[in-house]
Structures are given as structure tokens and as C-alpha cells.
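Report on the following structure.
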2 protein chains.
Amino acid sequence: MTLVVQKYGGTSVGSAERIKAVAQRLIARKTNGDQLVVVVSAMGDTTDDLVELAAQMTDRPEAREMDLLLSTGEIVSSTLLSMALKHEGHPAVALSGAQAGIGTDTRYGRARILKVDPARVHRELDAGNIVIVAGFQGITEEMELTTLGRGGSDTTAVALAAALKARCEIYTDVEGIYTADPRICPDAQKLAEISYEEMLELATWGARVMHNRAVELASLYNVPIYVASSFVEAPGTLIHGGPMMEQSNKVMGIASDTDVARITIRGVPDQPGIAATIFEPLGENAISVDTIVQNASVERLTDMTFTVSRSDLAKAMDLVRPLAEKIGAPEAMADTHLAKVSIVGAGMTSATGYAGRMFKTLFDAGINIELITTSEIRITCLIDEKDIPTAVRALHKAFQVEQAA
Amino acid sequence: MTLVVQKYGGTSVGSAERIKAVAQRLIARKTNGDQLVVVVSAMGDTTDDLVELAAQMTDRPEAREMDLLLSTGEIVSSTLLSMALKHEGHPAVALSGAQAGIGTDTRYGRARILKVDPARVHRELDAGNIVIVAGFQGITEEMELTTLGRGGSDTTAVALAAALKARCEIYTDVEGIYTADPRICPDAQKLAEISYEEMLELATWGARVMHNRAVELASLYNVPIYVASSFVEAPGTLIHGGPMMEQSNKVMGIASDTDVARITIRGVPDQPGIAATIFEPLGENAISVDTIVQNASVERLTDMTFTVSRSDLAKAMDLVRPLAEKIGAPEAMADTHLAKVSIVGAGMTSATGYAGRMFKTLFDAGINIELITTSEIRITCLIDEKDIPTAVRALHKAFQVEQAA
């Protein structure tokens with residue numbers, strides 16, 4: 001008897017019929033002898049509908065109340081799935097994040113899981129139940145409901161798998177992790193396995209199958225994650241930390257991300273502590289800054305450029321404008337026409353020449369590079385958003401990624 | 001500074017516009033110097049929509065999961081109202097029933113409030129907030145979410161008012177308590193005041209403005225309740241336990257109720273303990289039995305007739321059929337064509353002739369009486385549902401209730 005934590009995303013539980021289909025999958029698996037804990041997202045557009053309701057009240061909803069509001073979506077889907085299972089004669093129980101023991105900090109909208117108390121889940125499993133858990137949410141010590149932010153249900157699933165020492169399976173609307181976004185690159189291949197690190201670079205930079213927080217958590221607790229489709233029966237991708245069957249000395253995938261906004265502050269006085277003055281308030285407001293570039297100083301003035309996600313741009317500019325004024329910088333500008341393309345591969349650490357080949361490929365495709373950043377296993381170029389499809393296809397071909405799987 | 005608990009029903013918060021209108025009412029009241037705790041129901045059809053979703057999963061949803069599902073409706077409306085207030089610059093906070101300290105037993109779907117811990121509400125009031133509380137729900141000691149059943153938000157409001165020693169105001173889509181249902185009886189008059197007892201008889205037997213549980217609770221803790229419209233500015237009705245300004249020696253109102261189903265078990269053996277055999281299982285399944293009539297025994301066999309609410313009929317018959325078989329009764333029948341009409345008035349206790357006048361009035365109107373029951377301050381006749389409008393109007397006229405206000 002294997003204990004498995006499964007997660008089904010919003011599309012997978014998007015309608016009454018889809019929920020019943022998931023129930024049938026669970027029953028088949030349970031009948032095979034597995035114990036199941038099932039984390040669900042909100043049905044389809046529920047979260048968007050709730051956000052829209054809030055928008056009718058105010059343009060700046062408070063994060064605490066937004067969390068209380070949004071957490072209802074996953075409670076609805078989890079209770080419905082439990083009802084569908086019981087209707088088929090299979091014992092089940094729906095638990096809110098709080099009831100499932102998901103304890104978080106108070107960073108509303110982006111709460112971090114502090115601890116998982118699996119006692120209730122164990123009790124329900126022992127009673128023979130399929131345990132359905134509302135994803136994306138938790139509770140603070142002060143009994144405040146929180147949500148975990150983007151990819152929250154994935155994070156719930158991984159955290160539960162770690163606490164229960166269970167296998168973790170993420171079911172979604174794609175069949176696994178691909179060497180590039182299949183919508184952009186028809187040659188993209190499904191990977192049988194990928195390392196946490198490679199997956200992190202893919203997720204952070206745009207592969208979007210799983211959020212990086214969930215992968216980081218899996219890496220930390222060494223929880224292997226199996227990603228597969230909830231719609232078709234096809235082998236998925238195993239994300240893990242063990243040795244790769246074939247540690248390929250090459251590029252594993254091409255990532256692209258259009259959720260990029262660039263902010264530039266012109267004429268920043270080149271003084272010690274200026275960077276902290278700008279970036280500390282952004283961090284305190286939970287705005288992730290991806291890339292920071294500071295130009296060489298001319299007459300003790302410099303330009304500071306950095307990127308944030310587009311959803312954070314308005315909030316970031318609200319903070320940056322008064323900061324720029326305070327430090328005497330004459331101008332703070334934002335633009336949203338750029339996007340990121342990356343080559344990712346653990347094999348790149350032990351080889352050379354990847355950066356040069358990447359720049360040459362983009363140059364040959366007539367694409368201008370606005371900014372470059374690198375990590376151990378990734379090289380990223382900021383380019384015009386409209387060039388992304390061309391860049392992904394050219395890089396996929398140049399690095400022969402279609403043979404990586 | 002007066003501490004006031006207000007309650008707004010589903011129609012009063014049925015749309016974004018209505019929620020904003022309620023916010024304006026609250027702001028005006030707060031500006032007048034009052035401290036406000038506001039209990040809200042779910043928006044308009046939300047609860048019906050959730051019930052319909054559950055019905056797509058199963059025809060017999062489990063009560064525990066139904067409560068978890070339904071409790072989301074009031075959380076949505078409470079967060080939206082809080083957002084609307086903050087948008088207008090007024091500090092507010094939305095609390096779930098659990099956060100507001102509403103502790104209940106585990107009778108899912110009809111939970112009773114065991115205790116109210118007002119610490120959090122006090123803290124939020126002290127911080128200057130208008131406190132919005134999700135009505136209709138609570139939490140058990142085992143962290144299970146419960147709902148309070150019909151009239152649950154009224155009960156939440158009265159319980160909070162009792163715990164906070166606050167004034168209680170119920171805002172709804174009617175202007176107050178009338179001498180009869182105004183939709184049936186055009187001559188119906190709004191009452192300036194009514195006693196708990198009279199209100200209880202009206203509510204139980206069909207006035208539907210407030211649920212009897214809320215009135216019982218108010219009576220128990222001597223919390224006066226002011227019922228008025230959330231749509232128009234007009235004086236409402238004060239429900240209280242103090243001496244009436246004018247204790248009228250007459251009928252105060254005419255109640256009618258079409259939510260009546262009659263169950264008859266034919267050929268019940270006339271043995272000691274038979275009644276308990278039938279009614280204990282109904283009670284254990286939280287089915288309220290209103291009226292019980294047992295015919296005179298013929299050859300040691302009797303007919304047992306009783307009424308339940310129509311929503312309980314299917315569940316009741318599921319219990320009654322096997323019980324009838326078990327005790328050897330040949331037949332259990334149900335019908336739903338009857339309804340109740342009552343005359344209600346505390347003044348009736350000290351006077352005579354009311355019953356006779358009632359029966360005569362119905363007889364003169366050509367209405368057949370199927371069953372009669374009485375309480376200290378009420379006389380009720382079971383008649384054909386189609387005769388209700390005629391009966392209400394005839395009784396209202398006969399007892400000159402239009403002069404009672």
C-alpha cells in the first residue's frame with residue numbers, strides 16, 4: 001500500500017463532469033490498493049470571478065481579506081470532489097487547508113508554509129477515507145486564513161507529501177515537462193526526468209508547469225514529483241534530485257517568459273547604500289526583483305535597471321516613484337515590451353561555449369539582446385517580446401534539444 | 001457611543017451595488033458615533049447555487065461537507081462588504097464565524113451555538129474597525145465548520161448581541177412585523193412592537209421575517225431586536241420582552257404557513273411505547289414534528305397523523321416506512337396539499353371565545369378545517385392550501401387586526 005499525494009489543478013476540476021472524472025481516477029487508484037491524499041485547486045475561473053467581485057468593491061483590496069475571500073474557491077472544489085466520491089460509495093472527507101494542518105506565516109497573498117501537522121490527515125486515512133484537501137491555503141497561529149500565492153496548490157501537495165513521507169503526483173493540463181513551450185516550439189519533446197535545479201530554472205523563467213516554490217520545497221525535502229496529464233493517459237515527467245540516468249552534457253530545455261516588466265531609474269546618485277534604499281522597500285512589499293543592472297557611473301550619476309513580474313509593476317512603480325524623488329533621481333520609467341528566453345541544463349556547468357553559441361544563434365535570427373544574465377545552469381537574454389517564438393525555435397534547433405529526452 | 005449588532009440578509013447584500021449601499025448605511029451610522037458589528041448572509045442566490053453544485057455531485061450530500069461548502073457563501077459577502085468600507089476610507093475587518101468566536105455543537109446543517117467568545121470582536125472594535133461577521137456559521141471544538149440552518153444569520157446576530165451586550169438590529173427586505181402576510185392580506189398593518197412569545201408563534205407558524213431560533217435566543221438573553229427594511233427608511237418593529245405599551249386583549253396577528261406536509265400511518269397497534277418508536281428516530285434525525293394527532297383506537301388499531309416541513313418530508317418518509325413495517329402498520333401516507341392558518345395574541349390567554357369565533361369565520365368562508373391545535377397564545381387550523389388567502393383575509397377582518405398596531 002503506497003501513500004500518494006495527488007494534486008489536480010483548476011482545469012482538471014473545472015466542471016461537475018471534470019470533478020466526476022477525477023473521482024473515477026481516484027477510485028481506480030484506491031482500488032489498486034493505494035492510500036490517497038488529494039489536493040485540489042479552485043474550479044476553473046472561480047478565483048478570477050472572486051477577484052472580479054473584489055474589484056467591484058475596491059481597486060486596492062486588502063491582502064488579508066483577499067485571502068479570506070479567495071480561500072473559499074478551493075473549499076468549494078474539495079467538498080464537491082468528496083461528495084462525488086461518496087456518491088460512488090467510496091469513503092472520503094474534504095478538509096480545508098486549516099483542517100489539514102497547513103500552518104503558515106502572515107504574508108497574506110504569498111504566505112509561506114511554516115509547518116504541516118498531519119495528525120488529522122493520518123486519522124482520516126486510517127479511517128479508510130480518500131482525503132481531499134483544499135489547496136492554496138493555510139492558517140496562521142492567530143487563526144487568520146492565508147493563501148500561498150501562485151502555484152499554491154502545488155506547494156500544498158509537496159508540503160503534505162513531505163510531511164506524510166508520501167509520493168507526490170501533480171496532475172495538470174499538460175503531459176509533463178517539455179524541452180520548450182510546445183505552443184511556441186512544435187519540435188518540443190517531453191522529458192522523462194528532470195532535476196530540481198533544471199526545473200527551477202525552467203519554472204522561474206517561464207515554463208509554468210509548476211511554480212518554483214513547490215519545486216524548491218520538493219528539493220529541500222527530497223520529494224520526487226511526478227507531473228502528468230489529468231486528461232490523457234500518457235507517461236509524465238519525474239522531477240527528482242537523484243542521479244540522472246543519463247547526465248547529458250548539454251542544454252536540457254529552452255525557457256521563455258513574457259511576464260516581464262522593466263523598470264529604469266535614470267540619474268541615480270552613485271553613493272553607497274543607494275541600492276538598498278531602492279530594493280529594500282520592494283522586498284518588504286514582497287515584490288520579487290529578477291534582474292538588476294547598474295550602468296557605469298558618469299559624473300557620479302548612474303542608471304539602475306531591474307525587472308519585476310507584470311502583475312507587480314503597478315505596486316512597484318508606486319514604491320519606486322517616491323524613492324526616486326527622495327534620492328534625487330529625475331526619472332523612473334517602466335516598459336512591458338520585453339521578454340526572457342533562456343537555455344537551461346545542468347550539463348552546462350561542466351562545459352564551455354554555450355553563451356557564445358546562444359548569442360550567435362539569436363544574432364543570426366536577427367534578434368537584438370537587451371540584457372544578459374546567467375546562473376550555474378542557465379543563460380538568459382532579455383529580448384523584444386515579439387521575437388520570443390523565433391528565438392525559442394532557433395535555440396531549440398541550435399542546441400539539438402529535441403534529442404535531450 | 002452605542003454598540004450595535006446589525007444583520008443584513010441575502011437580498012440586502014445581493015449585488016455589488018447593494019453591498020455598496022449597505023456600506024454607505026454603515027458609514028452614516030458609524031459617523032453618528034456608534035460602534036458596529038455587522039452580520040451578513042450570503043449574496044442573493046449564492047447558497048442556492050452551491051446547493052445546486054452539490055446536487056450535481058450527489059443526491060444525498062453528507063451534512064458535514066455541505067456545511068463546509070455552504071459556509072463559503074457568507075465569507076464571500078463579508079469580505080466584499082469589508083472591502084467596500086475600506087475603499088471609502090473606513091477601517092473594517094471581515095471575520096469568519098470561527099474567527100468571530102461562534103462555537104457550536106456538531107449538528108451539521110442545524111448546529112446550535114454553544115458559546116460566543118467575543119475577544120477578537122472586542123479587539124477589532126477597540127482598534128476602530130467596523131466588524132463584519134460571516135453569518136450562519138460556526139466552528140466546533142474539533143475545528144469542523146458548521147452552519148446554523150434556516151435563519152442562521154439572525155441567530156448569529158442575536159448571539160453576538162447577547163455576548164457583546166449590544167443592541168440588535170435585523171435589516172431585511174420587509175419593513176417589520178405585520179399583522180398578517182402583506183402579500184396575502186392587503187389590510188395588514190405594521191406593528192410598532194411585539195413580544196417574543198407572539199413573534200415566536202408568528203415565526204414558527206409562518207411569518208418568516210425572523211427564524212424562531214433567533215427569537216428564542218433573544219428571549220433567553222433578553223436582547224431586544226429591531227427589525228426594519230434595508231431598502232427604505234421607515235420605522236420597523238421592536239421585538240422585546242418588556243411590558244407592552246398597550247397590552248391589547250385581542251388577536252395581534254394572523255399567521256399562515258404553507259410549508260406543511262402531513263404524514264399518516266394507518267393501522268398502528270395501540271400499545272404503550274408505540275409513539276416513541278415512531279418519533280424518537282425522527283428527533284434523532286433532527287426532523288421537527290409540529291403536530292401529532294392520534295385517533296381513538298378501533299379494535300386496538302389507531303391512525304397516527306403528524307406534520308413536518310415539506311423539506312423534511314422525503315427524509316421523514318425514509319424513516320417512517322420501515323418503522324411502519326416494523327410495528328405492523330399496513331400503510332404510511334404523505335400529502336402536501338394542506339397549510340396552516342393561525343390567530344396569535346398574548347391577550348388571548350385572558351379572554352375567551354377566540355376559538356369559536358375563528359372556526360365560525362372559517363365556516364362562513366366555506367373553508368373546511370382538517371385539524372386544530374392550540375397554544376397559550378395561538379389557535380391553529382390545518383386547511384387546504386388553496387384556501388389560505390381567503391382564510392387570512394377573513395380572519396384579519398373578523399378579529400379587527402388592522403387596529404392592533
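By convention in this document, the chains of the C-alpha cells carry letters A, B, ... by their order, each chain's residues are numbered from 1, and ligands are numbered from 1 in the order they are shown.
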- Query: Neighbours of Ile130 in chain A within 9 Å (only C-alpha atoms; same-chain residues fewer than 5 positions away dropped), as a VMD selection string?
  - Reply: chain A and resid 26 to 27 30 35 to 38 82 85 90 to 94 124 to 125
Next, dump the selected residues to file, keeping only N, CA, C and O atoms, as a PDB file, in the first residue's frame.
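For reference, selection_16.pdb as written:
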```
ATOM      1  N   LEU A  26      -9.538   8.528  -9.053  1.00  0.00           N
ATOM      2  CA  LEU A  26      -9.147   8.248  -7.671  1.00  0.00           C
ATOM      3  C   LEU A  26      -9.640   6.876  -7.236  1.00  0.00           C
ATOM      4  O   LEU A  26      -8.914   6.128  -6.570  1.00  0.00           O
ATOM      5  N   ILE A  27     -10.872   6.548  -7.633  1.00  0.00           N
ATOM      6  CA  ILE A  27     -11.442   5.260  -7.244  1.00  0.00           C
ATOM      7  C   ILE A  27     -10.617   4.125  -7.837  1.00  0.00           C
ATOM      8  O   ILE A  27     -10.293   3.141  -7.154  1.00  0.00           O
ATOM      9  N   LYS A  30      -7.421   3.928  -5.817  1.00  0.00           N
ATOM     10  CA  LYS A  30      -7.678   3.390  -4.480  1.00  0.00           C
ATOM     11  C   LYS A  30      -7.920   1.873  -4.557  1.00  0.00           C
ATOM     12  O   LYS A  30      -7.419   1.115  -3.723  1.00  0.00           O
ATOM     13  N   GLN A  35      -3.218   4.444  -0.800  1.00  0.00           N
ATOM     14  CA  GLN A  35      -3.866   5.438   0.062  1.00  0.00           C
ATOM     15  C   GLN A  35      -3.713   6.793  -0.589  1.00  0.00           C
ATOM     16  O   GLN A  35      -2.620   7.158  -1.037  1.00  0.00           O
ATOM     17  N   LEU A  36      -4.790   7.576  -0.618  1.00  0.00           N
ATOM     18  CA  LEU A  36      -4.754   8.810  -1.397  1.00  0.00           C
ATOM     19  C   LEU A  36      -5.060  10.051  -0.560  1.00  0.00           C
ATOM     20  O   LEU A  36      -6.055  10.107   0.158  1.00  0.00           O
ATOM     21  N   VAL A  37      -4.185  11.051  -0.714  1.00  0.00           N
ATOM     22  CA  VAL A  37      -4.462  12.409  -0.249  1.00  0.00           C
ATOM     23  C   VAL A  37      -4.492  13.266  -1.507  1.00  0.00           C
ATOM     24  O   VAL A  37      -3.552  13.220  -2.303  1.00  0.00           O
ATOM     25  N   VAL A  38      -5.562  14.012  -1.729  1.00  0.00           N
ATOM     26  CA  VAL A  38      -5.759  14.697  -2.999  1.00  0.00           C
ATOM     27  C   VAL A  38      -5.931  16.193  -2.759  1.00  0.00           C
ATOM     28  O   VAL A  38      -6.867  16.618  -2.074  1.00  0.00           O
ATOM     29  N   SER A  82     -15.213  15.414  -2.788  1.00  0.00           N
ATOM     30  CA  SER A  82     -15.515  14.445  -1.732  1.00  0.00           C
ATOM     31  C   SER A  82     -16.935  13.897  -1.882  1.00  0.00           C
ATOM     32  O   SER A  82     -17.175  12.699  -1.735  1.00  0.00           O
ATOM     33  N   LEU A  85     -17.088  11.342  -4.656  1.00  0.00           N
ATOM     34  CA  LEU A  85     -16.529  10.050  -4.247  1.00  0.00           C
ATOM     35  C   LEU A  85     -17.525   9.275  -3.386  1.00  0.00           C
ATOM     36  O   LEU A  85     -17.743   8.080  -3.590  1.00  0.00           O
ATOM     37  N   HIS A  90     -17.464   5.489  -2.095  1.00  0.00           N
ATOM     38  CA  HIS A  90     -16.103   5.449  -1.565  1.00  0.00           C
ATOM     39  C   HIS A  90     -15.940   6.453  -0.440  1.00  0.00           C
ATOM     40  O   HIS A  90     -16.172   7.640  -0.636  1.00  0.00           O
ATOM     41  N   PRO A  91     -15.539   5.990   0.747  1.00  0.00           N
ATOM     42  CA  PRO A  91     -15.402   6.919   1.873  1.00  0.00           C
ATOM     43  C   PRO A  91     -14.394   8.016   1.553  1.00  0.00           C
ATOM     44  O   PRO A  91     -13.306   7.747   1.020  1.00  0.00           O
ATOM     45  N   ALA A  92     -14.759   9.231   1.844  1.00  0.00           N
ATOM     46  CA  ALA A  92     -13.898  10.377   1.560  1.00  0.00           C
ATOM     47  C   ALA A  92     -14.203  11.462   2.569  1.00  0.00           C
ATOM     48  O   ALA A  92     -15.246  11.438   3.236  1.00  0.00           O
ATOM     49  N   VAL A  93     -13.290  12.412   2.689  1.00  0.00           N
ATOM     50  CA  VAL A  93     -13.517  13.556   3.569  1.00  0.00           C
ATOM     51  C   VAL A  93     -12.818  14.764   2.958  1.00  0.00           C
ATOM     52  O   VAL A  93     -11.701  14.644   2.445  1.00  0.00           O
ATOM     53  N   ALA A  94     -13.496  15.895   2.964  1.00  0.00           N
ATOM     54  CA  ALA A  94     -12.889  17.136   2.482  1.00  0.00           C
ATOM     55  C   ALA A  94     -12.379  17.932   3.669  1.00  0.00           C
ATOM     56  O   ALA A  94     -13.073  18.074   4.666  1.00  0.00           O
ATOM     57  N   GLU A 124      -7.778  10.450   9.197  1.00  0.00           N
ATOM     58  CA  GLU A 124      -8.784  10.209   8.154  1.00  0.00           C
ATOM     59  C   GLU A 124      -8.344   9.065   7.238  1.00  0.00           C
ATOM     60  O   GLU A 124      -9.172   8.274   6.781  1.00  0.00           O
ATOM     61  N   LEU A 125      -7.048   8.986   6.948  1.00  0.00           N
ATOM     62  CA  LEU A 125      -6.538   7.873   6.127  1.00  0.00           C
ATOM     63  C   LEU A 125      -6.755   6.553   6.856  1.00  0.00           C
ATOM     64  O   LEU A 125      -7.206   5.566   6.264  1.00  0.00           O
TER      65      LEU A 125
END
```
Once you count only C-alpha atoms, what closest atom pair and distance in Å to one decimal does each residue of range 123-206 of chain A within 12 Å of range 16-22 of chain A have, with rows by chain and rising residue number, as CSV?
```
residue,atom,partner,partner_atom,distance
A:Ile132,CA,A:Val22,CA,11.6
A:Tyr171,CA,A:Val22,CA,10.0
A:Thr172,CA,A:Val22,CA,11.4
A:Asp173,CA,A:Arg18,CA,11.9
```
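Minimum distance to chain B across A:Val268, A:Leu114, A:Ile177, A:Ala134 (counting only C-alpha atoms) occurs at A:Ala134.
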- Write out as a ChimeraX atom specification every residue belonging to chain B that has an atom at most 10 Å from any atom of chain A, counting only C-alpha atoms. /B:15-17,19-20,50,53-62,64-88,93-96,98-99,142-145
- Output as a ChimeraX atom specification all residues of range 78-305 of chain B that backbone DSSP marks as alpha helix (DSSP H). /B:78-87,119-126,152-164,196-204,212-221,274-284
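Residues within 12 Å of Asp318 in chain B, counting only C-alpha atoms and excluding same-chain residues fewer than 4 positions away, are Ile263, Pro281, Leu282, Asn285, Ile287, Asp312, Leu313, Ala314, Pro322, Leu323, Ala324, Glu325, Ala332, Met333 and Ala334 of chain B.
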